file coords_1.cif (mmCIF, C-alpha atoms)
data_structure
#
loop_
_atom_site.label_atom_id
_atom_site.label_comp_id
_atom_site.auth_asym_id
_atom_site.auth_seq_id
_atom_site.Cartn_x
_atom_site.Cartn_y
_atom_site.Cartn_z
CA MET A 1 0.00 0.00 0.00
CA ARG A 2 1.25 3.49 -0.85
CA ILE A 3 1.01 5.62 2.30
CA GLY A 4 2.87 8.65 0.95
CA PRO A 5 4.37 9.98 -2.29
CA ASN A 6 7.56 8.03 -1.64
CA ASN A 7 6.43 5.50 1.00
CA LEU A 8 5.22 1.92 0.64
CA SER A 9 3.86 -0.22 3.48
CA PHE A 10 3.77 -4.04 3.37
CA ILE A 11 2.09 -6.63 5.59
CA ASN A 12 3.31 -9.93 4.13
CA PRO A 13 5.88 -12.25 5.77
CA GLN A 14 8.15 -12.22 2.73
CA ALA A 15 8.47 -8.45 2.98
CA TRP A 16 10.21 -8.84 6.35
CA LYS A 17 12.98 -10.86 4.70
CA ASP A 18 13.21 -8.69 1.59
CA ILE A 19 13.46 -5.43 3.54
CA TYR A 20 15.17 -6.20 6.85
CA SER A 21 17.18 -9.44 6.56
CA HIS A 22 20.88 -9.92 5.93
CA LYS A 23 21.92 -9.51 2.30
CA LYS A 24 24.83 -10.97 0.35
CA THR A 25 26.60 -7.62 0.12
CA ARG A 26 26.47 -4.29 1.95
CA GLU A 27 25.29 -2.59 -1.23
CA LEU A 28 22.11 -4.69 -1.25
CA GLU A 29 21.19 -3.93 2.35
CA MET A 30 18.51 -1.34 2.90
CA ARG A 31 19.70 1.48 5.12
CA LYS A 32 17.43 3.15 7.63
CA ASP A 33 15.42 5.93 6.04
CA PRO A 34 17.27 9.13 7.08
CA GLU A 35 14.06 11.16 6.90
CA TRP A 36 12.50 9.04 9.65
CA TYR A 37 15.46 8.42 11.96
CA VAL A 38 16.63 11.59 13.70
CA ARG A 39 20.33 11.88 14.53
CA ASN A 40 21.02 12.51 18.22
CA PRO A 41 22.57 15.94 18.99
CA ASP A 42 25.23 14.31 21.21
CA ALA A 43 26.26 11.33 19.05
CA PRO A 44 24.67 8.54 17.01
CA HIS A 45 23.21 5.58 18.91
CA ILE A 46 22.41 1.95 18.27
CA VAL A 47 19.02 2.75 16.70
CA ASN A 48 19.87 5.61 14.33
CA GLY A 49 23.57 4.96 13.66
CA ASN A 50 24.75 4.06 10.17
CA HIS A 51 25.97 0.56 9.25
CA GLU A 52 29.48 0.97 10.65
CA GLU A 53 28.35 2.76 13.82
CA HIS A 54 25.66 0.19 14.53
CA ALA A 55 28.02 -2.74 13.98
CA ARG A 56 30.50 -1.30 16.49
CA TYR A 57 27.82 -0.48 19.07
CA ARG A 58 26.26 -3.91 18.68
CA ARG A 59 29.61 -5.66 19.09
CA LEU A 60 30.38 -3.77 22.28
CA TYR A 61 26.91 -4.17 23.75
CA SER A 62 26.44 -7.85 22.85
CA PRO A 63 28.25 -9.30 25.92
CA GLY A 64 25.89 -7.36 28.20
CA PHE A 65 22.86 -8.90 26.46
CA SER A 66 24.21 -12.45 26.14
CA ALA A 67 22.64 -15.56 27.68
CA ARG A 68 25.48 -15.67 30.19
CA SER A 69 24.93 -12.05 31.21
CA LEU A 70 21.20 -12.67 31.56
CA ARG A 71 21.93 -15.49 34.03
CA GLU A 72 24.28 -13.23 35.97
CA GLN A 73 21.73 -10.38 35.89
CA GLU A 74 18.90 -12.54 37.26
CA PRO A 75 19.48 -11.74 40.97
CA LEU A 76 19.30 -8.04 40.15
CA ILE A 77 16.13 -8.49 38.08
CA GLN A 78 14.52 -10.67 40.76
CA HIS A 79 15.31 -8.02 43.38
CA TYR A 80 13.17 -5.46 41.58
CA VAL A 81 10.41 -7.96 40.81
CA ASP A 82 10.38 -8.68 44.59
CA MET A 83 9.95 -4.95 45.24
CA PHE A 84 7.18 -4.82 42.64
CA VAL A 85 5.27 -7.72 44.22
CA ASN A 86 5.86 -6.43 47.77
CA GLY A 87 4.70 -2.93 46.83
CA ILE A 88 1.41 -4.16 45.39
CA SER A 89 1.02 -6.51 48.40
CA ARG A 90 1.23 -3.52 50.76
CA ALA A 91 -1.34 -1.65 48.69
CA CYS A 92 -3.92 -4.43 49.11
CA GLU A 93 -2.91 -5.89 52.48
CA HIS A 94 -6.24 -4.84 54.02
CA GLY A 95 -8.37 -6.12 51.17
CA GLU A 96 -9.08 -5.55 47.51
CA MET A 97 -7.76 -2.23 46.21
CA ALA A 98 -7.82 -0.39 42.88
CA VAL A 99 -4.29 0.18 41.56
CA ASP A 100 -2.93 1.63 38.33
CA MET A 101 -1.09 -1.33 36.79
CA VAL A 102 0.36 0.79 33.98
CA GLN A 103 2.20 2.80 36.61
CA TRP A 104 3.42 -0.30 38.45
CA PHE A 105 4.71 -1.90 35.26
CA ASN A 106 6.50 1.37 34.44
CA PHE A 107 8.09 1.43 37.90
CA VAL A 108 9.54 -2.08 37.77
CA THR A 109 10.82 -2.00 34.19
CA PHE A 110 12.30 1.49 34.66
CA ASP A 111 14.18 0.47 37.81
CA ILE A 112 15.51 -2.70 36.16
CA ILE A 113 16.80 -0.89 33.08
CA GLY A 114 18.27 1.87 35.25
CA ASP A 115 20.37 -0.62 37.20
CA LEU A 116 21.44 -2.52 34.09
CA ALA A 117 22.36 0.66 32.23
CA PHE A 118 23.88 2.73 35.05
CA GLY A 119 24.52 0.50 38.04
CA GLU A 120 21.79 2.13 40.12
CA PRO A 121 17.97 2.22 39.96
CA PHE A 122 15.77 5.26 39.51
CA GLY A 123 13.97 4.66 42.79
CA CYS A 124 10.50 4.31 41.25
CA LEU A 125 9.52 1.22 43.24
CA GLU A 126 10.76 2.82 46.43
CA ASN A 127 9.58 6.39 45.97
CA GLY A 128 6.92 6.32 43.27
CA ALA A 129 6.98 8.36 40.06
CA THR A 130 10.34 10.09 39.69
CA GLU A 131 11.31 13.29 37.93
CA TRP A 132 13.01 11.24 35.23
CA LEU A 133 9.96 9.11 34.50
CA ARG A 134 7.89 12.28 34.10
CA LYS A 135 10.46 13.62 31.66
CA LEU A 136 10.22 10.46 29.57
CA ASN A 137 6.47 10.94 29.36
CA GLN A 138 7.09 14.47 28.12
CA ILE A 139 9.49 13.11 25.49
CA GLU A 140 6.76 10.78 24.24
CA GLU A 141 4.62 13.87 23.67
CA ALA A 142 7.43 15.44 21.64
CA GLN A 143 7.80 12.28 19.54
CA MET A 144 4.06 12.24 18.88
CA HIS A 145 4.16 15.75 17.39
CA TYR A 146 7.30 14.95 15.42
CA ARG A 147 5.74 11.86 13.78
CA ILE A 148 2.64 13.82 12.81
CA ILE A 149 4.71 16.50 11.05
CA GLN A 150 6.83 13.85 9.33
CA HIS A 151 3.76 12.74 7.38
CA ILE A 152 3.54 16.19 5.74
CA PRO A 153 6.19 16.08 2.96
CA LEU A 154 6.66 19.86 2.66
CA LEU A 155 7.25 20.20 6.42
CA ARG A 156 9.31 17.04 6.92
CA PRO A 157 12.77 18.68 6.55
CA TYR A 158 11.86 21.17 9.29
CA ALA A 159 10.15 18.74 11.67
CA ILE A 160 12.61 19.11 14.56
CA GLN A 161 12.60 22.91 14.46
CA ILE A 162 8.79 23.04 14.23
CA VAL A 163 8.30 20.61 17.09
CA ASN A 164 10.74 22.40 19.37
CA SER A 165 9.06 25.74 18.69
CA MET A 166 5.47 24.52 19.13
CA LEU A 167 5.94 22.23 22.12
CA PRO A 168 4.82 23.29 25.59
CA SER A 169 7.77 24.40 27.70
CA ASP A 170 7.41 21.31 29.92
CA ALA A 171 8.03 18.98 26.97
CA VAL A 172 11.12 20.94 25.87
CA ARG A 173 12.43 20.87 29.42
CA GLY A 174 11.69 17.16 29.51
CA GLN A 175 14.06 16.49 26.61
CA ASP A 176 16.77 18.71 28.07
CA GLY A 177 16.29 17.20 31.52
CA HIS A 178 16.55 13.67 30.14
CA ARG A 179 19.94 14.50 28.62
CA LYS A 180 21.16 16.18 31.82
CA LEU A 181 20.13 13.30 34.08
CA THR A 182 21.64 10.77 31.67
CA HIS A 183 24.92 12.70 31.80
CA GLU A 184 24.97 12.51 35.60
CA LYS A 185 24.18 8.79 35.67
CA VAL A 186 26.73 7.89 32.99
CA LYS A 187 29.46 9.84 34.77
CA ARG A 188 28.78 8.00 38.03
CA ARG A 189 28.88 4.64 36.26
CA VAL A 190 32.16 5.50 34.52
CA ASP A 191 33.65 6.51 37.87
CA ASN A 192 32.45 3.27 39.51
CA ASP A 193 35.23 0.73 39.06
CA THR A 194 33.26 -2.12 40.66
CA SER A 195 32.75 -5.10 38.36
CA ARG A 196 29.06 -5.84 37.78
CA PRO A 197 27.03 -7.72 35.09
CA ASP A 198 25.45 -4.68 33.43
CA PHE A 199 25.44 -3.29 29.90
CA MET A 200 28.42 -0.99 30.50
CA GLU A 201 30.84 -3.48 32.04
CA HIS A 202 32.38 -4.81 28.80
CA ILE A 203 32.49 -1.35 27.23
CA LEU A 204 34.31 0.23 30.17
CA ARG A 205 36.92 -2.57 30.15
CA GLN A 206 38.00 -1.75 26.60
CA PRO A 207 41.44 -0.18 26.00
CA PRO A 208 41.51 3.52 25.09
CA GLY A 209 40.03 4.18 21.66
CA LYS A 210 38.28 0.80 21.45
CA GLY A 211 35.15 1.46 23.50
CA PHE A 212 32.59 4.27 23.44
CA THR A 213 33.34 7.94 23.61
CA PHE A 214 31.59 9.66 26.50
CA GLN A 215 29.14 11.25 24.03
CA GLU A 216 28.33 7.81 22.61
CA MET A 217 27.70 6.54 26.14
CA LEU A 218 25.25 9.40 26.63
CA SER A 219 23.31 8.86 23.41
CA ASN A 220 23.18 5.06 23.70
CA SER A 221 22.26 5.07 27.37
CA ALA A 222 19.44 7.55 26.82
CA THR A 223 18.11 5.32 24.04
CA LEU A 224 18.36 2.11 26.06
CA ILE A 225 16.50 3.64 28.99
CA GLN A 226 13.53 4.48 26.83
CA ALA A 227 13.58 1.41 24.57
CA GLY A 228 14.34 -0.99 27.39
CA SER A 229 11.65 0.13 29.81
CA GLU A 230 8.72 1.56 27.83
CA THR A 231 8.44 -1.37 25.43
CA THR A 232 8.37 -4.07 28.14
CA ALA A 233 5.96 -2.05 30.28
CA THR A 234 3.75 -1.65 27.21
CA LEU A 235 3.74 -5.40 26.54
CA LEU A 236 2.87 -6.15 30.18
CA SER A 237 0.09 -3.54 30.30
CA GLY A 238 -1.54 -4.68 27.08
CA THR A 239 -1.27 -8.38 27.86
CA LEU A 240 -2.78 -7.93 31.33
CA PHE A 241 -5.65 -5.92 29.86
CA LEU A 242 -6.36 -8.64 27.28
CA LEU A 243 -6.34 -11.27 30.03
CA LEU A 244 -8.74 -9.23 32.14
CA GLN A 245 -11.07 -8.95 29.15
CA ASN A 246 -10.85 -12.72 28.57
CA PRO A 247 -11.31 -14.33 31.99
CA ASP A 248 -11.25 -17.88 30.57
CA LYS A 249 -7.72 -17.26 29.26
CA MET A 250 -6.74 -15.64 32.56
CA GLN A 251 -7.99 -18.68 34.49
CA LYS A 252 -6.10 -21.06 32.23
CA LEU A 253 -2.85 -19.14 32.74
CA VAL A 254 -3.36 -18.86 36.50
CA GLU A 255 -3.91 -22.62 36.69
CA GLU A 256 -0.66 -23.26 34.79
CA LEU A 257 1.24 -20.95 37.14
CA ARG A 258 -0.23 -22.26 40.37
CA GLU A 259 0.10 -25.91 39.35
CA SER A 260 3.76 -25.37 38.42
CA PHE A 261 4.90 -23.47 41.54
CA THR A 262 4.09 -23.52 45.25
CA SER A 263 5.31 -19.92 45.58
CA ASP A 264 5.86 -17.07 43.17
CA LYS A 265 9.43 -16.86 44.49
CA GLU A 266 10.17 -20.23 42.86
CA MET A 267 9.89 -18.65 39.42
CA THR A 268 13.13 -18.08 37.54
CA ILE A 269 14.04 -16.92 34.07
CA GLU A 270 14.85 -20.52 33.16
CA ASN A 271 11.87 -22.40 34.57
CA THR A 272 9.26 -19.88 33.37
CA ALA A 273 10.62 -20.37 29.85
CA HIS A 274 9.12 -23.89 29.93
CA LEU A 275 5.56 -22.68 30.62
CA THR A 276 3.73 -23.29 27.35
CA TYR A 277 0.64 -21.20 27.98
CA LEU A 278 2.55 -18.24 29.45
CA ALA A 279 4.72 -18.18 26.31
CA ALA A 280 1.62 -18.27 24.09
CA ILE A 281 -0.01 -15.48 26.13
CA LEU A 282 2.98 -13.20 25.59
CA GLU A 283 3.09 -13.97 21.84
CA GLU A 284 -0.60 -13.18 21.45
CA GLY A 285 -0.09 -10.05 23.55
CA LEU A 286 2.69 -8.97 21.21
CA ARG A 287 0.46 -9.64 18.21
CA LEU A 288 -2.57 -7.68 19.40
CA TYR A 289 -0.66 -4.95 21.24
CA SER A 290 2.81 -4.79 19.79
CA PRO A 291 4.87 -2.08 21.54
CA ALA A 292 6.10 -1.10 18.08
CA VAL A 293 3.09 0.42 16.32
CA PRO A 294 4.10 1.59 12.80
CA GLY A 295 6.63 0.24 10.36
CA PHE A 296 10.27 1.24 10.69
CA PRO A 297 11.28 2.51 7.24
CA ARG A 298 14.22 1.42 5.14
CA GLN A 299 15.37 2.99 1.88
CA VAL A 300 15.59 0.89 -1.27
CA PRO A 301 19.24 0.87 -2.45
CA SER A 302 20.66 1.84 -5.83
CA GLY A 303 19.37 -0.45 -8.55
CA GLY A 304 16.03 -1.06 -6.84
CA ALA A 305 14.84 -4.25 -5.16
CA THR A 306 12.15 -6.89 -5.36
CA ILE A 307 9.88 -6.87 -2.29
CA ASP A 308 7.24 -9.58 -1.95
CA GLY A 309 7.50 -10.23 -5.69
CA VAL A 310 7.13 -6.57 -6.70
CA TYR A 311 9.95 -4.44 -8.12
CA VAL A 312 10.47 -1.21 -6.14
CA PRO A 313 12.71 1.57 -7.51
CA ALA A 314 15.73 2.96 -5.66
CA GLY A 315 15.12 5.62 -3.03
CA ILE A 316 11.60 4.51 -2.07
CA SER A 317 10.92 4.29 1.68
CA VAL A 318 9.57 0.82 2.56
CA SER A 319 8.46 -0.87 5.76
CA VAL A 320 6.32 -3.62 7.31
CA ASN A 321 3.64 -2.05 9.49
CA HIS A 322 3.39 -3.98 12.76
CA TYR A 323 -0.19 -3.08 13.63
CA ALA A 324 -1.60 -3.61 10.15
CA ALA A 325 0.27 -6.88 9.60
CA TYR A 326 -0.74 -8.40 12.93
CA HIS A 327 -4.42 -7.43 12.63
CA SER A 328 -4.93 -8.40 9.00
CA PRO A 329 -7.29 -11.29 8.13
CA LEU A 330 -4.80 -12.08 5.38
CA ASN A 331 -2.35 -13.15 8.09
CA PHE A 332 -4.47 -14.39 10.99
CA ASP A 333 -7.81 -16.10 11.44
CA LYS A 334 -10.07 -14.09 13.77
CA PRO A 335 -7.36 -11.40 13.91
CA ASN A 336 -9.03 -9.17 16.50
CA GLU A 337 -9.66 -11.96 19.00
CA PHE A 338 -7.31 -12.87 21.84
CA ILE A 339 -6.53 -16.54 21.16
CA PRO A 340 -3.18 -17.62 22.68
CA GLU A 341 -3.93 -21.22 21.59
CA ARG A 342 -3.05 -20.24 18.02
CA PHE A 343 0.62 -20.43 19.09
CA ILE A 344 0.19 -23.91 20.65
CA ASP A 345 -2.27 -25.88 18.51
CA THR A 346 -1.06 -24.56 15.18
CA ALA A 347 -3.05 -27.18 13.26
CA ALA A 348 -6.26 -25.53 14.50
CA PHE A 349 -5.20 -22.31 12.74
CA PRO A 350 -3.78 -23.59 9.44
CA ASN A 351 -4.14 -20.24 7.68
CA ASP A 352 -2.28 -18.20 10.30
CA ARG A 353 0.98 -16.80 8.97
CA ARG A 354 2.79 -16.70 12.30
CA GLU A 355 6.09 -15.83 10.61
CA VAL A 356 4.76 -12.31 9.98
CA LEU A 357 4.91 -11.66 13.74
CA GLN A 358 8.28 -9.93 14.17
CA PRO A 359 7.77 -7.49 17.07
CA PHE A 360 11.54 -7.29 17.62
CA SER A 361 12.22 -6.89 13.88
CA MET A 362 14.68 -9.19 12.13
CA GLY A 363 18.06 -9.17 10.43
CA PRO A 364 21.25 -7.36 11.46
CA ARG A 365 19.36 -4.57 13.23
CA ASN A 366 16.81 -6.55 15.18
CA CYS A 367 16.26 -5.67 18.85
CA ILE A 368 19.30 -6.54 20.94
CA GLY A 369 17.15 -6.73 24.09
CA ARG A 370 14.74 -9.44 22.89
CA SER A 371 15.84 -12.10 25.42
CA LEU A 372 15.75 -9.61 28.29
CA ALA A 373 12.24 -8.45 27.32
CA TYR A 374 10.90 -12.01 27.28
CA ALA A 375 12.62 -12.82 30.59
CA GLU A 376 11.16 -9.74 32.28
CA GLY A 377 7.75 -10.36 30.77
CA ARG A 378 7.59 -13.95 32.05
CA LEU A 379 8.82 -13.11 35.54
CA ILE A 380 6.79 -9.97 36.15
CA LEU A 381 3.50 -11.20 34.69
CA GLY A 382 3.94 -14.73 36.05
CA ARG A 383 4.72 -13.68 39.60
CA ALA A 384 1.96 -11.04 39.65
CA LEU A 385 -0.73 -13.47 38.54
CA TRP A 386 0.44 -16.18 40.93
CA LYS A 387 0.44 -13.77 43.87
CA PHE A 388 -2.70 -11.71 43.17
CA ASP A 389 -6.26 -12.14 41.99
CA MET A 390 -7.20 -9.33 39.60
CA ARG A 391 -10.37 -8.05 37.97
CA PRO A 392 -10.93 -5.04 35.71
CA SER A 393 -12.34 -1.73 36.91
CA GLU A 394 -15.27 -0.16 35.10
CA LYS A 395 -13.04 2.85 34.42
CA SER A 396 -10.66 0.71 32.34
CA GLN A 397 -13.11 -1.34 30.28
CA ASN A 398 -12.19 0.61 27.12
CA TRP A 399 -8.54 1.15 28.04
CA MET A 400 -7.16 -0.09 24.72
CA ARG A 401 -9.85 1.29 22.43
CA ASP A 402 -8.94 4.99 22.15
CA GLN A 403 -5.18 4.89 22.50
CA LYS A 404 -2.89 6.70 20.07
CA GLY A 405 0.33 5.18 18.82
CA TYR A 406 3.00 7.00 16.83
CA VAL A 407 6.08 4.95 17.69
CA THR A 408 4.83 3.18 20.81
CA TRP A 409 1.41 3.44 22.46
CA ILE A 410 0.50 6.47 24.59
CA ARG A 411 -0.93 4.51 27.52
CA PRO A 412 -3.43 6.05 29.93
CA PRO A 413 -3.76 4.74 33.51
CA MET A 414 -5.31 1.26 33.82
CA GLU A 415 -7.21 0.80 37.06
CA VAL A 416 -7.35 -2.83 38.20
CA TYR A 417 -8.85 -4.29 41.38
CA VAL A 418 -6.15 -6.37 43.07
CA LYS A 419 -6.26 -8.61 46.12
CA LEU A 420 -3.87 -11.14 47.61
CA ARG A 421 -4.40 -14.68 46.45
CA GLN A 422 -6.73 -16.67 48.69
CA GLY A 423 -5.59 -20.18 49.66
#
call {"tool": "encode", "arguments": {"input": "coords_1.cif", "output": "structure tokens"}}
result
Amino acid sequence: MRIGPNNLSFINPQAWKDIYSHKKTRELEMRKDPEWYVRNPDAPHIVNGNHEEHARYRRLYSPGFSARSLREQEPLIQHYVDMFVNGISRACEHGEMAVDMVQWFNFVTFDIIGDLAFGEPFGCLENGATEWLRKLNQIEEAQMHYRIIQHIPLLRPYAIQIVNSMLPSDAVRGQDGHRKLTHEKVKRRVDNDTSRPDFMEHILRQPPGKGFTFQEMLSNSATLIQAGSETTATLLSGTLFLLLQNPDKMQKLVEELRESFTSDKEMTIENTAHLTYLAAILEEGLRLYSPAVPGFPRQVPSGGATIDGVYVPAGISVSVNHYAAYHSPLNFDKPNEFIPERFIDTAAFPNDRREVLQPFSMGPRNCIGRSLAYAEGRLILGRALWKFDMRPSEKSQNWMRDQKGYVTWIRPPMEVYVKLRQG
């Protein structure tokens, strides 16, 4: 589908491979569309860097996201999940209480990514909403306006200047404050010579000239904070809402959890990976409420390219749109229904094209934090649903219906009635 004078959107599985996968030569690879990806004022980062920059950043970050690092990081992750569970327990210790689960999911994922990125949390689980979390919400507002202007070709070259001039002062201060607070955190982590299994450890152990510059630490850390917390919190929020709207699926998951463990504290990254229905729940959550909303554009290289059997000339901006692909009846039977079983009994859904579901993208620039996101999702959702009984509030019955999504979803509060598990 043509969505702009120079923009094509695809929803077929083959398009993922044709646009995003590894190619035989560098010349055949599709670079990120420079009109869509804004260069950071401090330095490039792992998302918007060019081929050479991304390859270097990825190489240096990879040890911090490896399977070994994830095992070493588990005590740290479990510590914050403990705080998350204990905080909600205190809120409902005297009986059923209404709590904003969007906020709680933000708190736990933000504190985890803060410790993994900087060696110290943001204090959300201990103190509630922090100044930094409020600034990130203001940045989301700025991104929303920027994406709107990007769809107007005549204004696209001036999008940054227009957004900065039209934004409320709070949003502008939010962006500046985010950079300032990142600078302070990065400096403290650089000065901390203690060995720890976080994202920065391998980078800081590099000889001079082989690691990151300080400016690259700033830009990449600021990106990881947002990408590593907002996306997981979005997945958790959306999946919980879908479960609350489908109590039969909720009951089936709760039975799997409570039959597998005698305590939520028994759950680990490894043993929750063997829970079939929990895995299917998260996949269906990613399909119906993918944290990535639009497509992420690439530019067709010199000589053109064939995408899903169609020749596309050089210079055209192409993408696979997550939301459209995952909700299309061309790809999934009953696409708007929450049916986790489609990822277990695949024979019952012979027409589903499950390979189109690529919420972490694919190819050389897929999401480096995929394993961490799944691990957090299993632990946080699994432990919460083992520990608490939940039911939806009337205020949140239409929580998903009217949301806006420009890069990720702009999530309103989600009030849920929570009480400690009985028996």
call {"tool": "residues_around", "arguments": {"input": "coords_1.cif", "residues": "A:Ser319", "least_positions_apart": "3", "cutoff": "9 Å", "atoms": "only C-alpha atoms", "output": "mmCIF file with C-alpha atoms, in the frame of the given file"}}
result
data_model
loop_
_atom_site.group_PDB
_atom_site.id
_atom_site.type_symbol
_atom_site.label_atom_id
_atom_site.label_comp_id
_atom_site.auth_asym_id
_atom_site.auth_seq_id
_atom_site.Cartn_x
_atom_site.Cartn_y
_atom_site.Cartn_z
ATOM 1 C CA ASN A 7 6.430 5.500 1.000
ATOM 2 C CA LEU A 8 5.220 1.920 0.640
ATOM 3 C CA SER A 9 3.860 -0.220 3.480
ATOM 4 C CA PHE A 10 3.770 -4.040 3.370
ATOM 5 C CA ILE A 11 2.090 -6.630 5.590
ATOM 6 C CA ALA A 15 8.470 -8.450 2.980
ATOM 7 C CA TRP A 16 10.210 -8.840 6.350
ATOM 8 C CA ILE A 19 13.460 -5.430 3.540
ATOM 9 C CA TYR A 20 15.170 -6.200 6.850
ATOM 10 C CA PRO A 294 4.100 1.590 12.800
ATOM 11 C CA GLY A 295 6.630 0.240 10.360
ATOM 12 C CA PHE A 296 10.270 1.240 10.690
ATOM 13 C CA PRO A 297 11.280 2.510 7.240
ATOM 14 C CA ARG A 298 14.220 1.420 5.140
ATOM 15 C CA GLN A 299 15.370 2.990 1.880
#
call {"tool": "closest_atom_pairs", "arguments": {"input": "coords_1.cif", "of": "stretch 240-349 of chain A", "to": "stretch 65-87 of chain A", "cutoff": "9 Å", "atoms": "all atoms listed in the file", "output": "JSON lines"}}
result
{"residue": "A:Lys265", "atom": "CA", "partner": "A:Asp82", "partner_atom": "CA", "distance": 8.2}
{"residue": "A:Thr268", "atom": "CA", "partner": "A:Glu74", "partner_atom": "CA", "distance": 8.0}
{"residue": "A:Ile269", "atom": "CA", "partner": "A:Glu74", "partner_atom": "CA", "distance": 7.3}
{"residue": "A:Glu270", "atom": "CA", "partner": "A:Arg71", "partner_atom": "CA", "distance": 8.7}
call {"tool": "atom_distance", "arguments": {"input": "coords_1.cif", "atom1": "atom CA of A:Lys210", "atom2": "atom CA of A:Tyr61"}}
result
12.6 Å
call {"tool": "resolve_selection", "arguments": {"input": "coords_1.cif", "expression": "the PyMOL selection byres ((chain A and resi 232-242) around 9)", "output": "number ranges by chain"}}
result
A: 101-110, 227-231, 243-247, 249-250, 281-282, 284-286, 288-291, 338, 373-374, 376-377, 380-381, 392, 396-397, 399-400, 408-409, 411, 414
call {"tool": "atom_distance", "arguments": {"input": "coords_1.cif", "atom1": "atom CA of A:Ser195", "atom2": "atom CA of A:Leu224"}}
result
20.3 Å
call {"tool": "residues_around", "arguments": {"input": "coords_1.cif", "residues": "A:Lys32", "least_positions_apart": "3", "cutoff": "12 Å", "atoms": "all atoms listed in the file", "output": "list in words"}}
result
Ile19, Tyr20, Glu29, Glu35, Trp36, Tyr37, Val38, Arg39, Ile46, Val47, Asn48, Gly49, Asn50, His51, His54, Gly295, Phe296, Pro297, Arg298, Gln299, Val300, Pro301, Gly315, Ile316, Ser317, Val318, Ser319, Pro364 and Arg365 of chain A
call {"tool": "atom_distance", "arguments": {"input": "coords_1.cif", "atom1": "atom CA of A:Gly64", "atom2": "atom CA of A:Glu184"}}
result
21.2 Å
call {"tool": "closest_residue", "arguments": {"input": "coords_1.cif", "among": "A:Asp402, A:Asp264, A:Glu394, A:Glu53", "to": "A:Asn220", "atoms": "all atoms listed in the file"}}
result
A:Glu53
call {"tool": "axis_aligned_box", "arguments": {"input": "coords_1.cif", "around": "stretch 375-389 of chain A", "padding_each_side": "3 Å", "output": "AutoDock Vina command-line options"}}
result
--center_x 3.2 --center_y -13.0 --center_z 37.2 --size_x 24.9 --size_y 12.4 --size_z 19.3
call {"tool": "resolve_selection", "arguments": {"input": "coords_1.cif", "expression": "the PyMOL selection byres ((chain A and resi 418) around 6)", "output": "PyMOL selection string"}}
result
chain A and resi 96-97+389-390+417+419
call {"tool": "closest_residue", "arguments": {"input": "coords_1.cif", "among": "A:Arg287, A:Arg189, A:His202, A:Arg378", "to": "A:Asn336", "atoms": "only C-alpha atoms"}}
result
A:Arg287
call {"tool": "closest_residue", "arguments": {"input": "coords_1.cif", "among": "A:Glu120, A:Asp345, A:Glu216, A:Glu27", "to": "A:Arg188", "atoms": "only C-alpha atoms"}}
result
A:Glu120
